[in-house]
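Participant: Contents of coords-v2.cif (mmCIF, C-alpha atoms) are given next:
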```cif
data_work
#
loop_
_atom_site.label_atom_id
_atom_site.label_comp_id
_atom_site.auth_asym_id
_atom_site.auth_seq_id
_atom_site.Cartn_x
_atom_site.Cartn_y
_atom_site.Cartn_z
CA MET A 10 -0.03 -1.72 9.69
CA PRO A 11 -3.41 -0.11 10.43
CA PRO A 12 -4.50 1.17 13.83
CA ARG A 13 -6.83 -0.99 15.88
CA SER A 14 -10.05 -1.76 14.05
CA PRO A 15 -13.22 0.07 15.16
CA LEU A 16 -15.20 -3.07 14.30
CA PRO A 17 -15.40 -6.06 16.65
CA GLN A 18 -14.69 -9.54 15.38
CA ARG A 19 -17.52 -11.36 13.63
CA HIS A 20 -17.67 -15.16 13.68
CA GLY A 21 -14.15 -15.10 15.16
CA LEU A 22 -12.78 -13.07 12.24
CA ASP A 23 -11.09 -9.68 12.37
CA ALA A 24 -12.45 -7.00 10.08
CA ALA A 25 -10.66 -6.54 6.76
CA TRP A 26 -9.24 -3.16 5.87
CA ILE A 27 -8.19 -1.12 2.86
CA ARG A 28 -6.19 2.12 2.82
CA THR A 29 -6.64 4.92 0.32
CA PRO A 30 -3.44 6.09 -1.42
CA GLY A 31 -1.95 9.53 -1.13
CA VAL A 32 -2.33 12.39 -3.57
CA GLY A 33 0.64 14.42 -4.82
CA PRO A 34 0.84 18.17 -4.10
CA GLY A 35 -1.41 20.01 -6.52
CA ASP A 36 -2.69 16.78 -8.10
CA PRO A 37 -6.42 16.06 -8.20
CA PRO A 38 -7.46 12.74 -6.62
CA ARG A 39 -8.15 9.86 -9.00
CA TRP A 40 -11.53 9.28 -7.36
CA ALA A 41 -14.19 11.85 -6.55
CA THR A 42 -15.79 9.87 -3.74
CA MET A 43 -14.94 7.07 -1.33
CA GLY A 44 -17.52 4.97 -3.14
CA ASP A 45 -15.64 5.42 -6.44
CA PHE A 46 -12.44 4.28 -4.73
CA LEU A 47 -14.02 1.18 -3.17
CA HIS A 48 -15.64 0.17 -6.46
CA SER A 49 -12.29 0.45 -8.25
CA ARG A 50 -10.21 -1.40 -5.64
CA LEU A 51 -12.48 -4.26 -4.63
CA PRO A 52 -13.51 -7.02 -7.05
CA ALA A 53 -16.95 -6.92 -8.62
CA ARG A 54 -17.90 -10.14 -6.82
CA ALA A 55 -17.52 -8.32 -3.48
CA GLY A 56 -20.84 -6.55 -4.08
CA VAL A 57 -19.59 -3.09 -3.09
CA ALA A 58 -22.88 -1.34 -3.88
CA ASP A 59 -24.84 -3.68 -1.61
CA MET A 60 -22.21 -3.36 1.13
CA LEU A 61 -22.37 0.44 0.97
CA ALA A 62 -26.17 0.36 1.13
CA ALA A 63 -25.96 -1.90 4.18
CA GLY A 64 -23.45 0.35 5.95
CA THR A 65 -20.79 -2.36 5.93
CA PHE A 66 -17.84 0.01 5.39
CA VAL A 67 -16.79 2.17 8.34
CA ASP A 68 -14.15 4.83 9.02
CA LYS A 69 -11.71 5.00 11.94
CA ASN A 70 -14.49 6.14 14.26
CA GLY A 71 -16.79 3.27 13.30
CA ARG A 72 -19.06 5.59 11.29
CA SER A 73 -20.67 3.91 8.28
CA LEU A 74 -19.81 5.18 4.80
CA ASP A 75 -22.51 5.40 2.15
CA GLY A 76 -20.02 6.06 -0.66
CA SER A 77 -20.92 9.68 -1.31
CA GLU A 78 -18.19 11.02 0.99
CA PRO A 79 -15.40 12.97 -0.79
CA PHE A 80 -12.31 10.89 -1.42
CA ALA A 81 -9.84 11.20 1.48
CA PRO A 82 -6.19 10.17 1.02
CA HIS A 83 -4.30 8.02 3.55
CA THR A 84 -7.54 6.82 5.10
CA PHE A 85 -8.29 3.37 6.50
CA VAL A 86 -11.65 1.77 5.78
CA TRP A 87 -12.77 -1.34 7.65
CA PHE A 88 -15.37 -3.93 6.69
CA HIS A 89 -16.38 -7.55 7.18
CA ARG A 90 -16.31 -9.67 4.06
CA PRO A 91 -19.36 -11.83 3.31
CA LEU A 92 -18.67 -15.45 4.24
CA ALA A 93 -19.13 -18.15 1.65
CA PRO A 94 -20.49 -21.58 2.65
CA GLU A 95 -17.78 -24.08 3.62
CA GLU A 96 -17.66 -27.85 3.78
CA PRO A 97 -17.49 -28.73 7.50
CA VAL A 98 -14.40 -30.68 8.54
CA PRO A 99 -15.86 -33.84 10.13
CA PHE A 100 -13.14 -34.23 12.75
CA PRO A 101 -12.85 -32.51 16.14
CA LEU A 102 -10.37 -29.85 17.22
CA THR A 103 -9.19 -30.93 20.68
CA VAL A 104 -7.67 -28.65 23.32
CA LEU A 105 -4.61 -30.26 24.93
CA ASP A 106 -3.70 -27.37 27.24
CA ALA A 107 -4.80 -23.83 27.95
CA ASP A 108 -3.44 -21.22 30.34
CA GLU A 109 -2.82 -17.49 30.55
CA HIS A 110 -0.23 -17.48 27.75
CA VAL A 111 -0.99 -20.29 25.29
CA VAL A 112 -3.62 -22.66 23.99
CA VAL A 113 -2.34 -25.95 22.61
CA VAL A 114 -4.64 -27.94 20.33
CA ASP A 115 -4.63 -31.25 18.52
CA LYS A 116 -5.52 -30.21 14.97
CA PRO A 117 -7.28 -32.76 12.77
CA HIS A 118 -6.47 -33.53 9.17
CA PHE A 119 -8.08 -31.28 6.51
CA MET A 120 -8.33 -28.27 8.85
CA ALA A 121 -6.21 -25.22 7.97
CA THR A 122 -4.38 -23.42 10.77
CA THR A 123 -5.55 -19.92 9.74
CA PRO A 124 -8.08 -18.49 7.26
CA ARG A 125 -6.93 -18.54 3.66
CA GLY A 126 -8.78 -18.77 0.37
CA ALA A 127 -11.84 -21.02 0.63
CA HIS A 128 -11.00 -22.08 4.19
CA VAL A 129 -12.12 -19.45 6.71
CA GLN A 130 -14.55 -20.60 9.38
CA GLU A 131 -13.41 -24.22 9.16
CA THR A 132 -9.94 -23.37 10.48
CA ALA A 133 -8.26 -24.14 13.79
CA LEU A 134 -7.75 -20.48 14.67
CA ILE A 135 -11.36 -19.39 14.15
CA LYS A 136 -12.82 -22.48 15.82
CA ALA A 137 -10.55 -22.05 18.85
CA ARG A 138 -11.30 -18.32 19.14
CA ILE A 139 -15.03 -19.01 19.25
CA MET A 140 -14.78 -22.14 21.42
CA LEU A 141 -12.65 -20.42 24.09
CA ASP A 142 -13.88 -16.82 23.63
CA LEU A 143 -10.33 -15.58 23.00
CA PRO A 144 -10.51 -12.91 20.26
CA GLU A 145 -6.73 -12.21 20.32
CA LEU A 146 -5.77 -15.87 19.85
CA ALA A 147 -3.05 -16.19 17.19
CA PRO A 148 -0.78 -19.00 15.95
CA ALA A 149 2.79 -19.21 17.27
CA HIS A 150 3.55 -21.49 14.27
CA ARG A 151 1.58 -23.31 11.58
CA LEU A 152 0.75 -26.75 10.27
CA ASP A 153 -0.33 -27.50 6.70
CA ARG A 154 -4.06 -27.99 6.25
CA LEU A 155 -3.57 -31.68 5.44
CA THR A 156 -1.20 -32.31 8.38
CA ALA A 157 -2.69 -33.13 11.78
CA GLY A 158 -1.17 -32.72 15.22
CA VAL A 159 0.07 -30.43 17.97
CA LEU A 160 -0.40 -26.72 17.31
CA VAL A 161 0.34 -23.78 19.63
CA PHE A 162 -1.61 -20.52 19.82
CA THR A 163 -0.88 -17.47 21.95
CA THR A 164 -3.73 -15.93 23.92
CA ARG A 165 -2.83 -12.22 23.69
CA ARG A 166 -0.90 -9.92 21.37
CA GLU A 167 1.79 -9.16 23.96
CA TYR A 168 2.75 -12.86 24.21
CA ARG A 169 2.89 -13.56 20.49
CA GLY A 170 6.49 -12.49 19.82
CA ALA A 171 8.02 -14.57 22.61
CA TYR A 172 6.39 -17.84 21.56
CA ALA A 173 6.74 -17.24 17.83
CA GLY A 174 10.46 -16.72 18.48
CA VAL A 175 10.74 -20.24 19.90
CA PHE A 176 9.70 -21.64 16.52
CA GLN A 177 11.44 -19.09 14.32
CA GLU A 178 14.75 -19.70 16.11
CA GLY A 179 14.43 -23.49 15.96
CA LEU A 180 14.20 -23.91 19.74
CA ALA A 181 11.23 -26.29 19.66
CA HIS A 182 11.76 -30.03 19.32
CA LYS A 183 9.34 -31.55 16.82
CA GLU A 184 8.65 -35.18 16.03
CA TYR A 185 6.28 -36.21 13.25
CA GLU A 186 4.85 -39.60 12.40
CA ALA A 187 4.05 -40.74 8.88
CA ILE A 188 2.93 -43.81 6.99
CA ALA A 189 4.54 -44.35 3.61
CA PRO A 190 5.71 -47.23 1.40
CA TYR A 191 8.57 -49.37 2.68
CA ASP A 192 11.66 -50.11 0.61
CA ALA A 193 13.92 -52.77 2.12
CA SER A 194 16.82 -51.63 -0.08
CA LEU A 195 17.01 -48.29 1.74
CA GLU A 196 18.93 -48.07 5.00
CA PHE A 197 17.40 -46.42 8.04
CA PRO A 198 17.80 -44.31 10.04
CA ARG A 199 18.91 -41.83 7.41
CA ARG A 200 19.31 -38.08 7.26
CA VAL A 201 18.10 -36.17 4.21
CA VAL A 202 19.74 -32.80 3.64
CA ASN A 203 19.14 -30.54 0.63
CA ARG A 204 17.78 -27.19 -0.49
CA ILE A 205 14.01 -26.70 -0.81
CA GLU A 206 12.35 -23.70 -2.40
CA LYS A 207 8.72 -22.97 -3.14
CA ARG A 208 7.56 -20.41 -5.67
CA ARG A 209 4.31 -18.54 -5.13
CA ASP A 210 2.94 -19.65 -8.50
CA ARG A 211 3.43 -23.37 -7.80
CA LEU A 212 1.58 -25.78 -5.54
CA GLN A 213 4.66 -27.93 -5.00
CA ALA A 214 7.94 -27.08 -3.33
CA GLU A 215 11.02 -28.43 -5.09
CA VAL A 216 14.57 -29.49 -4.38
CA VAL A 217 17.08 -27.19 -6.10
CA ARG A 218 20.82 -26.79 -6.22
CA GLY A 219 22.47 -24.58 -3.65
CA GLU A 220 23.33 -24.37 0.00
CA PRO A 221 21.20 -26.81 2.04
CA ASN A 222 18.37 -25.28 4.02
CA ALA A 223 16.36 -28.40 4.92
CA ALA A 224 17.32 -31.41 7.04
CA THR A 225 15.22 -34.34 8.28
CA LEU A 226 16.10 -37.45 10.28
CA ILE A 227 13.99 -40.41 9.09
CA GLU A 228 13.57 -43.56 11.21
CA VAL A 229 11.46 -46.68 10.71
CA MET A 230 9.18 -47.43 13.67
CA GLU A 231 7.40 -50.51 12.29
CA VAL A 232 6.71 -52.30 9.01
CA HIS A 233 3.25 -53.46 7.95
CA GLU A 234 3.07 -55.30 4.63
CA GLU A 235 4.25 -52.85 1.93
CA TYR A 236 4.06 -49.83 4.25
CA ALA A 237 6.04 -48.59 7.21
CA ARG A 238 5.42 -46.17 10.05
CA TYR A 239 8.17 -43.55 10.18
CA ARG A 240 9.38 -41.09 12.76
CA LEU A 241 10.40 -37.85 11.07
CA THR A 242 12.47 -35.34 13.03
CA PRO A 243 12.97 -32.11 11.08
CA ARG A 244 15.90 -29.90 11.98
CA THR A 245 14.46 -27.10 9.85
CA GLY A 246 10.96 -25.99 8.88
CA LYS A 247 10.72 -25.41 5.14
CA THR A 248 7.32 -25.53 3.43
CA HIS A 249 6.28 -29.16 2.72
CA GLN A 250 9.72 -30.31 3.87
CA LEU A 251 8.70 -33.74 5.15
CA ARG A 252 6.51 -34.48 2.16
CA VAL A 253 9.27 -33.44 -0.25
CA HIS A 254 11.93 -35.48 1.54
CA MET A 255 9.83 -38.64 1.67
CA ALA A 256 8.72 -38.33 -1.95
CA GLY A 257 12.36 -37.73 -2.93
CA LEU A 258 13.22 -41.17 -1.54
CA GLY A 259 10.47 -42.72 -3.63
CA LEU A 260 8.36 -43.09 -0.47
CA PRO A 261 5.52 -40.56 -0.82
CA ILE A 262 3.43 -40.25 2.33
CA ALA A 263 0.14 -42.13 2.00
CA GLY A 264 -2.76 -39.87 1.08
CA ASP A 265 -0.51 -37.11 -0.28
CA SER A 266 -2.33 -35.25 -3.06
CA LEU A 267 0.66 -33.05 -3.94
CA TYR A 268 3.71 -35.32 -4.05
CA PRO A 269 5.07 -36.74 -6.20
CA GLU A 270 2.22 -35.63 -8.52
CA VAL A 271 -0.61 -33.17 -7.98
CA ARG A 272 -3.87 -35.05 -7.63
CA ALA A 273 -7.29 -33.38 -7.68
CA VAL A 274 -9.42 -34.03 -4.60
CA GLU A 275 -13.05 -32.96 -4.21
CA PRO A 276 -13.52 -30.40 -1.39
CA GLY A 277 -15.89 -32.68 0.51
CA ASP A 278 -13.77 -35.82 0.19
CA PHE A 279 -12.29 -36.66 3.62
CA SER A 280 -11.81 -40.37 2.90
CA ASP A 281 -8.04 -40.44 2.36
CA PRO A 282 -6.18 -38.16 4.79
CA LEU A 283 -2.49 -37.44 4.50
CA ARG A 284 -0.86 -39.95 6.87
CA LEU A 285 1.24 -37.32 8.58
CA VAL A 286 0.85 -36.01 12.12
CA ALA A 287 2.90 -33.63 14.26
CA ARG A 288 3.08 -36.27 16.97
CA ARG A 289 5.18 -34.58 19.65
CA LEU A 290 6.20 -31.00 20.41
CA SER A 291 8.39 -29.85 23.30
CA PHE A 292 10.04 -26.56 24.19
CA THR A 293 11.11 -24.39 27.09
CA ASP A 294 8.48 -21.77 27.83
CA PRO A 295 10.04 -18.39 26.96
CA LEU A 296 8.06 -16.55 29.67
CA THR A 297 8.02 -18.97 32.60
CA GLY A 298 11.00 -21.23 31.92
CA ALA A 299 8.81 -24.33 32.39
CA GLU A 300 9.28 -27.35 30.12
CA ARG A 301 6.30 -27.95 27.85
CA ASP A 302 5.79 -31.32 26.18
CA TYR A 303 2.71 -32.30 24.17
CA THR A 304 1.67 -35.42 22.25
CA SER A 305 -1.04 -35.72 19.60
CA ALA A 306 -3.69 -38.42 19.94
CA VAL A 307 -4.56 -38.38 16.23
CA THR A 308 -4.39 -41.92 14.81
CA LEU A 309 -2.87 -42.87 11.46
CA ASP A 310 -4.57 -45.83 9.83
CA TRP A 311 -2.73 -48.18 7.51
CA PRO A 312 -3.76 -47.72 3.86
CA SER A 313 -5.53 -50.54 2.12
CA ARG A 314 -3.23 -52.97 0.33
CA GLY A 315 -2.31 -51.66 -3.08
CA ALA A 316 -3.66 -48.16 -2.36
#
```
Show the structure stored in the file as C-alpha cells.

Facilitator:
Amino acid sequence: MPPRSPLPQRHGLDAAWIRTPGVGPGDPPRWATMGDFLHSRLPARAGVADMLAAGTFVDKNGRSLDGSEPFAPHTFVWFHRPLAPEEPVPFPLTVLDADEHVVVVDKPHFMATTPRGAHVQETALIKARIMLDLPELAPAHRLDRLTAGVLVFTTRREYRGAYAGVFQEGLAHKEYEAIAPYDASLEFPRRVVNRIEKRRDRLQAEVVRGEPNAATLIEVMEVHEEYARYRLTPRTGKTHQLRVHMAGLGLPIAGDSLYPEVRAVEPGDFSDPLRLVARRLSFTDPLTGAERDYTSAVTLDWPSRGA
C-alpha cells in the first residue's frame, strides 16, 4: 500500500496513485522520463499529456510533475482522475444514525455502495462523505447497487477493522425483504443451502457442486395476487446470494435484471427497481458493547399484474 497521499480529496474522492517498477542492478530503465512511464501505463483516454500540462500528477511531496523528470524507480505518483458525467440517482440517501464511530444510512435502490466503473459520485460513500464532511468515511460492509437498505460506514481509519470484523465473522444479524412470484406448491419456511461461486468474467454468480458455502432461510410474510413478500435471512454473505437462491426456486425477485437471465437496462431507467431491501440489521458494537439495531424505511411496491 502507498503512503498517505499528498493530495486532498476532491469531490469526496481520494487521489489515485501509480507506482513505478524497480530496475535490476546494471539494467537501464525502460523509460527515460516519468512522462514516458505515465504515457505507457495509463490508457490513451486518460489524456496524460493534458494532465501533465495542467500539473495534475504530483510526487510524494505534492510537487507537480511536468513529465520531463528522469524516470525514478519505486516511486509513487498521485493524481485525480477526470470525472465523467453520471446519471443522478433520483432517490435520497438517508442517515439513520451517526456518532463518533459509525454512520448508518438507508441506501436507495440504484446507488452503489462505493465508486466502481461508471458509478463514482452517485455512490453512497461519496455522497455521505460530502454530506457529513467525513473524508475518512469507509464501508464496514457492502450492498449491491440494486439492493436498498441499511448500510454501515466507519468514520475513521482506526475504527474500520473492528466494525468490518463484525461482518466478516458473521456476527451481524441481517434480515432482508423481497417481493417475488408466489408458488403455492412450495412449502415455506424453507432453508436453501448450496455452493455459490462467481467468476470475475461473468455478471452472474452460479450454483456449483461442492461443499456448501451459502445458506438462506426464506419465509413468506404475505401473498398478493401472484406475488408474495418474503423475509430472507442469510446465514452467509456470498455475492448475489439472495438473488441466486430465489431464482433457483423459480421465484426470481421482481425487477431483477441479472437472474435468471441478464436483461439490458438503460442507465437512466429507474422505473423498475429490484424489489430487495436490507430491512433490518443488528449487532453488538465491537467498541462500546452496546446493542445496535436499525430498520430501513425503503418501501417495496407490488409489481403490476403480469409484470

Participant: What residues come out when you apply the PyMOL selection byres ((chain A and resi 217) around 10) to this file, written as a ChimeraX atom specification?

Facilitator: /A:203-207,214-216,218-221

Participant: Go ahead and compute the interatomic distance for CA of Pro198 in chain A and CA of Leu260 in chain A, in Å to one decimal.

Facilitator: 14.2 Å

Participant: Using all atoms listed in the file, what table do you get, as a tab-separated table, when you list each residue of range 21-131 of chain A with an atom no more than 10 Å from range 164-170 of chain A, its nearest pair of atoms, and their distance in Å rounded to one decimal, rows by chain then rising number?

Facilitator:
```
residue	atom	partner	partner_atom	distance
A:Ala107	CA	A:Thr164	CA	8.9
A:Asp108	CA	A:Thr164	CA	8.3
A:Glu109	CA	A:Thr164	CA	6.9
A:His110	CA	A:Thr164	CA	5.4
A:Val111	CA	A:Thr164	CA	5.3
A:Val112	CA	A:Thr164	CA	6.7
```

Participant: Which value, in Å to one decimal, gives the distance between CA of Phe80 in chain A and CA of Pro12 in chain A?

Facilitator: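 Computing it gives 19.7 Å between the two atoms.
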
Participant: Enumerate, as number ranges by chain, the residues matched when the PyMOL selection byres ((chain A and resi 128) around 10) is run on the file above.

Facilitator: A: 93-97, 119-127, 129-132, 154
